[in-house]
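Colleague: My structure is below; once you've seen it, I'll send some questions.
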There are 6 protein chains.
Amino acid sequence: MNQAEAAEPVLSHLDESGHIRMVDVSSKAATQRTAIAEGRVRMSAQAYRLLTARENGKGEVLNTANVAGVMAAKRCAELIPLCHSLPLSFAGIEFSLDEAGHAVTIRATCRSDYKTGVEMEAMTACSVAALTIYDMCKAADKGIVIETVRLAYKSGGKSGEWRSSN
Amino acid sequence: MNQAEAAEPVLSHLDESGHIRMVDVSSKAATQRTAIAEGRVRMSAQAYRLLTARENGKGEVLNTANVAGVMAAKRCAELIPLCHSLPLSFAGIEFSLDEAGHAVTIRATCRSDYKTGVEMEAMTACSVAALTIYDMCKAADKGIVIETVRLAYKSGGKSGEWRSSN
Amino acid sequence: MNQAEAAEPVLSHLDESGHIRMVDVSSKAATQRTAIAEGRVRMSAQAYRLLTARENGKGEVLNTANVAGVMAAKRCAELIPLCHSLPLSFAGIEFSLDEAGHAVTIRATCRSDYKTGVEMEAMTACSVAALTIYDMCKAADKGIVIETVRLAYKSGGKSGEWRSSN
Amino acid sequence: MNQAEAAEPVLSHLDESGHIRMVDVSSKAATQRTAIAEGRVRMSAQAYRLLTARENGKGEVLNTANVAGVMAAKRCAELIPLCHSLPLSFAGIEFSLDEAGHAVTIRATCRSDYKTGVEMEAMTACSVAALTIYDMCKAADKGIVIETVRLAYKSGGKSGEWRSSN
Amino acid sequence: MNQAEAAEPVLSHLDESGHIRMVDVSSKAATQRTAIAEGRVRMSAQAYRLLTARENGKGEVLNTANVAGVMAAKRCAELIPLCHSLPLSFAGIEFSLDEAGHAVTIRATCRSDYKTGVEMEAMTACSVAALTIYDMCKAADKGIVIETVRLAYKSGGKSGEWRSSN
Amino acid sequence: MNQAEAAEPVLSHLDESGHIRMVDVSSKAATQRTAIAEGRVRMSAQAYRLLTARENGKGEVLNTANVAGVMAAKRCAELIPLCHSLPLSFAGIEFSLDEAGHAVTIRATCRSDYKTGVEMEAMTACSVAALTIYDMCKAADKGIVIETVRLAYKSGGKSGEWRSSN
């Protein structure tokens, strides 16, 4: 998925006649790939207080979101049509709390030793962890917003290292 | 999932001892439920130009994201741990383009005649459609951001109609 | 899925602007639905002889195809993008052998008490049973052909009973 | 799956006592594998006209079938009991239209660098793409027939290249 | 699945000719069904000490097993070939600790308002929760044993209430 | 998953702060891995007699359990949260009958050439085969017990060969 580094970017999932296609990675070498995605779930003061007030509660909610995100990373290729199925060597999720902003920040890291990047696995893990937090807190605030799921970092493959400028 | 309308909101997925639990909907009546979620995928001018320049390309990318979102709605309960599995009577996705903002706006609608709401189905459909657009345009811009996936509307069930104030 | 019975058939999965959509069955009544699909797997004389010579072998191959077909019926909505997920009240597969034609004939029956037909469940069960027979006999004949998977019968819903004229 | 090349073909998925078994590929070397399967969906003149009359419609229906087929290729091992799960390096689908025969021809290509062939992945992709076309056109013609899904080509592995004689 | 209460029990999943079949529940009425399954995971003193020594650790391990069990209950029909897919109104798991026996006891409860029992959903939830505990403690003791997964209770349907005599 | 061989065993799925994590196998070498799990399903004399009296019946029930177990082995990473997804080179199940004890003994063998062990795949295959036997015989005896699912053998990886002392 690194062919965009050429002079003129293209949508690598469209062929010459404009039809979708999976990228053929037959001739690519397997290298160690890492991708990190970040997201943020912002809620009302009240929902945030409920989430964090009960020490045990917070642990269970975030652990459940953690499990959901890791499991989604492993099933990414079932959800994203043109994504390659691949064996992940690692999928992990970390949360941090933003008291002032009533928000949970999610950081999902995926690794593989395969022919294609794992950006989608990390983005999917991050999104599903965020959706799970929404699900578990929505009784207290239906207006919770999943903000800014984005790629933060990637390494490996022909295009090498990339870091979000945000 | 409507028990939050009481005086003091609680996290309905935690029991008295702070452990997670699925909400028991055995005694709930089936009513017609609708939920609409909205999301937005913002990209670089160049990626947006590529996505929209080739009439055919845009159709294929957005149709692929549409299919991915609808299929994810149907599998929501596999991804979100405490979500009930239920038969959807409808899942649909609409896209609109924001030329000025280089963004695609996604609107996912789900319906069911069942005992529990379909907010998570709509939120999941929206997120997976957004992830699919990211996947298909990331060769042109790795920094694409999935912004503000949120619930826009819900109706049905004990808590009745709700509309996002945003 | 019965709106085609009107004067002019349309593709029910396309909306007015030509975009795909799932049919909204919110306002449909649940009725008892049945669908039967038929398929045929034709192979070389040698492969057919191997399949049927060992009594035990034949039982195991056909039972495995039976199990695969039934399991696929239950997962049809995961495979066919615009198909509704629904609870099946029955999925069953019968095989018959055509000695002269070196063929196995497959008959898949599905039933549901729901708002939409189960044609796709029966067609999918039939196809996956056929693919499983192919898989298990392909070592003896790579040229095995899955012939004529088609709907044989359906009942229930607004369009009532239908029978293949073939 | 190449043990059939010996003097006397056998059903490789049956052990000595006639019980089914997955082929053990532990000692096989990974080589580049390709498989191509072909299928054909024949419908009434009216259904074919509806499918092809509206330029946009045809694109959406075939793109949806394309997505469904590619996603099914990746999940083949979940459907076919004795099939190995493996990472595909490519799965792609092409359609061509037969005006005279009111038919859509499907060609599914899969590739992997693994220890076992990808015939089943290609056959499954082809079948699910065909089922999706059936689903989307059945409102106009319930009698649509999925004809002759078969292997057209394979290469790689001990048995090398094979081409259908049909 | 209650037809066994007659004079002579039969295997309800075999038809007259001895072939497997799903039970046809088309003509059954939907009633409220409950099933409770129990299991026990016994480990070495050392593994048990590690599991329970770190308060936080125990919470995370058991919560992860809880999530895995609930998710498996929802997917039971994908795993057990002749099991009906159905919407669960509840799936929940409770753990208790047996200090003297170095064991974790698992109790899985499932409920549905449908035409068939939910014994398999409860049994599957219990087994997968047990497997998850095994997975997370196996670094400390490969010899952990999953003991006595069994049905403890069921109610609903024609056969009414049943309670294990053990 | 072999880091437990050190002086002091730890729960490898918990990080320093007590949160769950998948083991990172990025730097591990792929070796040939084998794991064998064993289980036992004990039932009433009557159920056992029904299962074994009809030769054909027994074959179909055990073959169905065989298929279910093999398919579950391939999907283990979808069920067990922190398990790596990996390509299996073999998954197989053998049954033996214990007339005196009215029991079926299950032996599941899995193999992979990958960076992590396949204990969980074998344990999951064994459990799902046992659950399937329960499902198919429960009409004759709801009190059937799944006894002692355990690891019997493993080889490969840093920790080498291990054999159950039971």
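By convention here, the chains of the structure tokens are called A, B, ... in the order presented, each chain's residues are numbered starting at 1, and ligands are numbered starting at 1 in the order presented.
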Going by DSSP on the backbone, which bits of segment 2-160 of chain F are strand (DSSP E)? Write them as a PyMOL selection string, please.
Modeller: chain F and resi 31-42+88-98+103-114+145-155
Colleague: Go ahead and write the residues just picked, C-alpha atoms, as a short mmCIF file (atom, residue, chain, number, x, y, z; two decimals), in the first residue's frame.
Modeller:
```cif
data_model
loop_
_atom_site.label_atom_id
_atom_site.label_comp_id
_atom_site.auth_asym_id
_atom_site.auth_seq_id
_atom_site.Cartn_x
_atom_site.Cartn_y
_atom_site.Cartn_z
CA THR F 31 8.84 -23.17 14.55
CA GLN F 32 6.70 -26.23 14.04
CA ARG F 33 4.14 -26.39 16.82
CA THR F 34 1.87 -29.24 17.84
CA ALA F 35 -0.73 -29.37 20.58
CA ILE F 36 -3.08 -32.17 21.61
CA ALA F 37 -6.07 -31.64 23.88
CA GLU F 38 -8.30 -34.30 25.36
CA GLY F 39 -11.84 -34.24 26.63
CA ARG F 40 -14.56 -36.62 27.66
CA VAL F 41 -18.34 -36.51 27.36
CA ARG F 42 -20.15 -38.74 29.83
CA LEU F 88 -3.09 -23.89 11.01
CA SER F 89 -1.34 -26.55 8.96
CA PHE F 90 -3.53 -29.24 10.51
CA ALA F 91 -6.55 -29.67 12.77
CA GLY F 92 -7.94 -33.12 13.42
CA ILE F 93 -10.20 -34.86 15.87
CA GLU F 94 -10.43 -38.50 16.94
CA PHE F 95 -13.10 -40.11 19.05
CA SER F 96 -13.02 -43.27 21.10
CA LEU F 97 -15.88 -44.94 22.91
CA ASP F 98 -15.89 -46.04 26.54
CA ALA F 103 -18.55 -41.83 27.52
CA VAL F 104 -17.01 -40.50 24.34
CA THR F 105 -13.38 -39.47 24.55
CA ILE F 106 -12.21 -36.67 22.23
CA ARG F 107 -8.65 -36.05 21.13
CA ALA F 108 -7.93 -32.89 19.14
CA THR F 109 -4.60 -32.29 17.44
CA CYS F 110 -3.52 -28.95 15.92
CA ARG F 111 -0.33 -27.99 14.11
CA SER F 112 1.11 -24.73 12.89
CA ASP F 113 4.42 -23.37 11.67
CA TYR F 114 4.17 -20.09 13.38
CA VAL F 145 -21.39 -33.78 31.45
CA ILE F 146 -18.37 -32.46 29.57
CA GLU F 147 -15.54 -33.70 31.74
CA THR F 148 -11.91 -32.79 31.97
CA VAL F 149 -10.99 -30.84 28.86
CA ARG F 150 -7.23 -30.49 29.23
CA LEU F 151 -3.99 -30.19 27.34
CA ALA F 152 -2.35 -33.59 26.82
CA TYR F 153 0.76 -32.66 24.84
CA LYS F 154 2.58 -29.80 23.23
CA SER F 155 5.80 -29.40 21.31
#
```
Colleague: Can you check which residues of chain B have any atom within 8 Å of chain A? Use only C-alpha atoms and format it as a ChimeraX atom specification.
Modeller: /B:1-5,9-14,18-20,50-51,54,56-57,60-61,64,68,71-72,79-83,120,123-124,127-128,131-132,135-140,142-151,164
Colleague: Could you give me the residues within segment 3-165 of chain F that DSSP places in alpha helix (DSSP H), as number ranges by chain?
Modeller: F: 45-53, 55-74, 76-79, 119-137
Colleague: To one decimal in Å, tell me the separation between atom CA of Ala77 of chain D and atom CA of Met43 of chain C.
Modeller: 22.7 Å
Colleague: As an exercise, work out the distance from atom CA of Val70 of chain B to atom CA of Val25 of chain B in Å and give it to one decimal place.
Modeller: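 Computing the Euclidean distance for atom CA of Val70 of chain B and atom CA of Val25 of chain B yields 24.7 Å.
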